[in-house]
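Student: This is the content of start_13.cif (mmCIF, C-alpha atoms):
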data_input
#
loop_
_atom_site.label_atom_id
_atom_site.label_comp_id
_atom_site.auth_asym_id
_atom_site.auth_seq_id
_atom_site.Cartn_x
_atom_site.Cartn_y
_atom_site.Cartn_z
CA MET M 1 0.00 0.00 0.00
CA GLN M 2 1.57 3.25 -1.10
CA PRO M 3 1.16 6.34 1.11
CA GLU M 4 -1.19 8.05 -1.35
CA HIS M 5 -3.52 5.05 -1.06
CA CYS M 6 -3.35 4.78 2.71
CA PRO M 7 -6.65 5.81 4.32
CA PHE M 8 -4.78 7.66 7.04
CA HIS M 9 -3.12 10.18 4.71
CA ARG M 10 -4.77 13.45 3.84
CA ARG M 11 -2.38 14.21 0.97
CA ASP M 12 0.66 12.47 -0.45
CA ASP M 13 3.04 14.39 1.79
CA VAL M 14 1.06 14.49 5.06
CA CYS M 15 1.02 11.50 7.37
CA VAL M 16 -1.51 12.00 10.12
CA PRO M 17 -0.31 9.03 12.24
CA THR M 18 3.29 10.26 12.07
CA ALA M 19 2.22 13.70 13.25
CA ARG M 20 0.21 12.19 16.10
CA LEU M 21 3.09 9.94 17.16
CA LEU M 22 5.57 12.82 17.06
CA ALA M 23 3.19 14.96 19.11
CA GLN M 24 2.80 12.17 21.67
CA ALA M 25 6.57 11.92 21.91
CA GLY M 26 6.78 15.67 22.47
CA LEU M 27 8.67 16.29 19.23
CA LEU M 28 5.89 18.18 17.44
CA GLU M 29 3.44 20.82 18.59
CA THR M 30 -0.18 19.86 18.01
CA ALA M 31 -1.37 23.42 17.49
CA PRO M 32 0.28 25.84 15.07
CA ARG M 33 2.15 28.72 16.64
CA ALA M 34 4.50 31.46 15.60
CA PRO M 35 8.08 30.48 14.86
CA VAL M 36 10.64 30.99 17.57
CA ALA M 37 12.51 34.27 17.37
CA PRO M 38 16.17 34.07 16.36
CA GLY M 39 18.43 33.46 19.33
CA VAL M 40 15.67 31.95 21.46
CA THR M 41 16.24 28.36 22.46
CA MET M 42 13.51 25.82 23.03
CA ASP M 43 13.62 22.85 25.32
CA VAL M 44 12.88 20.01 22.87
CA PRO M 45 13.16 16.39 23.96
CA SER M 46 15.98 14.60 22.24
CA VAL M 47 15.60 11.56 20.03
CA PRO M 48 16.87 8.43 21.77
CA PRO M 49 20.32 7.23 20.68
CA ARG M 50 20.22 5.08 17.56
CA PRO M 51 21.54 1.89 19.27
CA LEU M 52 18.66 2.07 21.76
CA THR M 53 16.08 2.69 19.01
CA LEU M 54 17.42 -0.18 16.88
CA ALA M 55 17.40 -2.55 19.86
CA LEU M 56 13.78 -1.65 20.61
CA ILE M 57 12.78 -2.21 16.98
CA ALA M 58 14.48 -5.63 17.07
CA GLN M 59 12.66 -6.50 20.30
CA HIS M 60 9.28 -5.53 18.79
CA ILE M 61 10.03 -7.67 15.75
CA ASN M 62 11.07 -10.67 17.86
CA THR M 63 8.36 -10.53 20.50
CA TRP M 64 5.45 -9.33 18.36
CA GLY M 65 6.11 -9.40 14.62
CA ARG M 66 7.47 -12.95 14.51
CA VAL M 67 4.69 -14.20 16.80
CA VAL M 68 1.65 -12.37 15.40
CA ILE M 69 2.46 -11.60 11.75
CA ASP M 70 5.01 -14.05 10.36
CA PRO M 71 6.89 -16.73 12.34
CA THR M 72 9.26 -17.28 9.40
CA LEU M 73 10.86 -13.85 9.83
CA PRO M 74 14.51 -14.14 10.82
CA HIS M 75 15.32 -13.44 14.46
CA ALA M 76 16.45 -9.81 14.77
CA GLU M 77 19.63 -9.39 16.76
CA ASP M 78 18.74 -7.03 19.59
CA THR M 79 22.11 -6.69 21.33
CA ALA M 80 23.91 -5.28 18.28
CA PRO M 81 21.25 -4.74 15.59
CA GLU M 82 22.42 -4.21 12.05
CA GLU M 83 20.55 -1.40 10.28
CA ARG M 84 20.38 -3.01 6.86
CA SER M 85 19.03 -6.23 8.34
CA LEU M 86 16.35 -4.32 10.27
CA ARG M 87 15.30 -2.50 7.10
CA TYR M 88 14.85 -5.81 5.28
CA THR M 89 13.01 -7.35 8.23
CA LEU M 90 10.62 -4.38 8.50
CA GLN M 91 10.00 -4.66 4.75
CA ALA M 92 9.29 -8.39 5.10
CA LEU M 93 7.03 -7.77 8.11
CA TRP M 94 4.99 -5.18 6.21
CA GLU M 95 4.76 -7.38 3.10
CA ALA M 96 3.68 -10.42 5.14
CA ALA M 97 0.99 -8.43 6.94
CA GLY M 98 -0.22 -6.92 3.66
CA GLN M 99 -0.36 -10.24 1.85
CA ALA M 100 -2.18 -11.94 4.69
CA THR M 101 -4.55 -9.01 5.12
CA ARG M 102 -5.41 -8.91 1.41
CA GLY M 103 -5.53 -12.64 0.87
CA SER M 104 -6.85 -14.40 3.90
CA ILE M 105 -8.81 -12.04 6.13
CA ARG M 106 -12.30 -13.33 5.79
CA SER M 107 -12.87 -13.34 9.48
CA VAL M 108 -16.30 -13.30 11.00
CA ASP M 109 -15.05 -11.35 14.00
CA GLY M 110 -14.91 -8.10 12.01
CA THR M 111 -11.20 -7.40 12.48
CA ALA M 112 -10.34 -6.93 8.79
CA PRO M 113 -10.42 -3.10 9.03
CA GLU M 114 -8.18 -3.24 12.09
CA TRP M 115 -5.69 -5.47 10.26
CA TRP M 116 -5.60 -2.86 7.47
CA ARG M 117 -4.71 -0.21 10.06
CA VAL M 118 -1.94 -2.43 11.43
CA ASN M 119 -0.70 -2.99 7.88
CA CYS M 120 -0.68 0.76 7.21
CA ALA M 121 1.31 1.44 10.40
CA LEU M 122 3.81 -1.26 9.40
CA GLN M 123 4.13 0.33 5.96
CA GLU M 124 4.93 3.65 7.64
CA ALA M 125 7.55 1.95 9.84
CA GLN M 126 9.14 0.35 6.79
CA ALA M 127 9.08 3.64 4.86
CA ALA M 128 10.71 5.51 7.75
CA ALA M 129 13.43 2.87 8.00
CA HIS M 130 14.02 3.19 4.26
CA ARG M 131 14.40 6.97 4.64
CA THR M 132 17.40 6.39 6.88
CA THR M 133 19.35 5.43 3.77
CA LEU M 134 18.58 8.84 2.26
CA ALA M 135 19.77 10.57 5.44
CA SER M 136 23.10 8.74 5.66
CA SER M 137 25.15 11.94 5.54
CA ASP M 138 23.13 13.46 8.38
CA GLY M 139 23.31 11.21 11.44
CA ALA M 140 20.73 13.22 13.40
CA GLN M 141 18.22 12.94 10.57
CA ALA M 142 18.79 9.18 10.30
CA ASP M 143 18.37 8.88 14.09
CA LEU M 144 15.05 10.69 13.81
CA TRP M 145 13.82 8.41 10.97
CA TRP M 146 14.73 5.31 12.97
CA TYR M 147 12.83 6.72 15.93
CA ILE M 148 9.82 7.41 13.70
CA ALA M 149 10.03 3.80 12.47
CA LEU M 150 9.98 2.65 16.10
CA LEU M 151 6.95 4.82 16.85
CA HIS M 152 5.04 3.38 13.88
CA LEU M 153 5.99 -0.17 14.83
CA GLY M 154 4.80 0.50 18.37
CA HIS M 155 1.60 1.99 16.97
CA ALA M 156 0.97 -1.16 14.90
CA ARG M 157 1.53 -3.30 17.98
CA THR M 158 -0.85 -1.16 20.06
CA LEU M 159 -3.54 -1.28 17.36
CA TRP M 160 -3.23 -5.05 17.30
CA LYS M 161 -3.31 -5.36 21.10
CA ASP M 162 -6.25 -2.99 21.58
CA HIS M 163 -8.44 -4.10 18.65
CA ILE M 164 -7.45 -7.55 17.42
CA GLY M 165 -5.55 -9.69 19.92
CA HIS M 166 -5.04 -12.79 17.76
CA THR M 167 -2.64 -13.90 15.05
CA LEU M 168 -3.35 -13.59 11.36
CA PRO M 169 -5.32 -16.47 9.90
CA GLN M 170 -2.97 -18.68 7.91
#
As structure tokens, how would this structure be written, given the file I've shared?
Tutor:
Amino acid sequence: MQPEHCPFHRRDDVCVPTARLLAQAGLLETAPRAPVAPGVTMDVPSVPPRPLTLALIAQHINTWGRVVIDPTLPHAEDTAPEERSLRYTLQALWEAAGQATRGSIRSVDGTAPEWWRVNCALQEAQAAAHRTTLASSDGAQADLWWYIALLHLGHARTLWKDHIGHTLPQ
């Protein structure tokens, strides 16, 4: 599912869930306000260090993604995660959820729309992880994209926990 087809996007370049997650993390103001005057500093929470973010992504993949979405996903190393490997694993997680959601959700419990929301959040996590390759010359920007990927992955997990609570039908 491409962002322009995602039901949670207003336009191609605006991601409502990303804005909400950044606001929850204290990295984005929810109401517009005037820009800060030159020379004025703001107390903005910092993005967690990349090793911590990568380890948390690997833990989510191992304890949730491999259990709920696709048990064939490779185990993600969480003590020294490798960025490229995590990108591929997030891609595989999103693709597995999308394929299962499109192909086999014929559930009578009415969770198909919720699985689509989980799939959309996983797509956003995968897209954010992919953006880290574009930000390779700017370490702070790459750190932020990894953190955004973690937020989307956590959002997918929360959606699943709050609205679904069972594995995908195989």
Student: Just how far from CA of Tyr88 (chain M) is CA of Ala129 (chain M), in Å to one decimal?
Tutor: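 Distance between the two atoms: 9.2 Å.
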Student: List, as a PDB file with C-alpha atoms, keeping the file's coordinate frame, every residue that the PyMOL selection byres ((chain M and resi 118) around 8) selects in the file provided.
Tutor:
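Wrote part38.pdb, looks like this:
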ATOM      1  CA  GLU M 114      -8.180  -3.240  12.090  1.00  0.00           C
ATOM      2  CA  TRP M 115      -5.690  -5.470  10.260  1.00  0.00           C
ATOM      3  CA  TRP M 116      -5.600  -2.860   7.470  1.00  0.00           C
ATOM      4  CA  ARG M 117      -4.710  -0.210  10.060  1.00  0.00           C
ATOM      5  CA  ASN M 119      -0.700  -2.990   7.880  1.00  0.00           C
ATOM      6  CA  CYS M 120      -0.680   0.760   7.210  1.00  0.00           C
ATOM      7  CA  ALA M 121       1.310   1.440  10.400  1.00  0.00           C
ATOM      8  CA  LEU M 122       3.810  -1.260   9.400  1.00  0.00           C
ATOM      9  CA  HIS M 155       1.600   1.990  16.970  1.00  0.00           C
ATOM     10  CA  ALA M 156       0.970  -1.160  14.900  1.00  0.00           C
ATOM     11  CA  ARG M 157       1.530  -3.300  17.980  1.00  0.00           C
ATOM     12  CA  LEU M 159      -3.540  -1.280  17.360  1.00  0.00           C
ATOM     13  CA  TRP M 160      -3.230  -5.050  17.300  1.00  0.00           C
TER      14      TRP M 160
END
Student: Hey, can you check how far CA of Gly98 (chain M) sits from CA of Ala112 (chain M)?
Tutor: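 Interatomic distance, CA of Gly98 (chain M) to CA of Ala112 (chain M): 11.3 Å.
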Student: What is the distance, in Å and to one decimal place, between CA of Val47 (chain M) and CA of Glu77 (chain M)?
Tutor: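 Interatomic distance here is 21.6 Å.
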Student: Just so the selection is clear, what residues does the PyMOL selection byres ((chain M and resi 131) around 10) cover here, as a VMD selection string?
Tutor: chain M and resid 87 125 to 130 132 to 136 141 to 142 144 to 146 149
Student: Excluding Gln59 (chain M) and any residue of its chain fewer than 5 positions from it, enumerate the residues within 10 Å of it, using all atoms listed in the file, and give them as a list in words.
Tutor: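 Contacts, in chain order: Thr53, Leu54, Trp64, Gly65, His75, Ala76, Glu77, Asp78, Thr79 and Pro81 of chain M.
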Student: Might you pull out every residue within 9 Å of region 70-73 of chain M, with all atoms listed in the file counted and same-chain residues fewer than 6 positions away left off, and present them as a list in words?
Tutor: Ile61, Asn62, Thr89, Ala92, Leu93, Ala96, Ala97, Thr167 and Leu168 of chain M
Student: Would you mind exporting the chosen residues as an mmCIF file, keeping the file's coordinate frame, restricted to C-alpha atoms?
Tutor:
data_model
loop_
_atom_site.group_PDB
_atom_site.id
_atom_site.type_symbol
_atom_site.label_atom_id
_atom_site.label_comp_id
_atom_site.auth_asym_id
_atom_site.auth_seq_id
_atom_site.Cartn_x
_atom_site.Cartn_y
_atom_site.Cartn_z
ATOM 1 C CA ILE M 61 10.030 -7.670 15.750
ATOM 2 C CA ASN M 62 11.070 -10.670 17.860
ATOM 3 C CA THR M 89 13.010 -7.350 8.230
ATOM 4 C CA ALA M 92 9.290 -8.390 5.100
ATOM 5 C CA LEU M 93 7.030 -7.770 8.110
ATOM 6 C CA ALA M 96 3.680 -10.420 5.140
ATOM 7 C CA ALA M 97 0.990 -8.430 6.940
ATOM 8 C CA THR M 167 -2.640 -13.900 15.050
ATOM 9 C CA LEU M 168 -3.350 -13.590 11.360
#
Student: Which is closer to Ser85 (chain M) than all the others in M:Ser46, M:His152, M:Val67, M:Ile57, using all atoms listed in the file?
Tutor: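 Among the listed residues, M:Ile57 lies closest to Ser85 (chain M).
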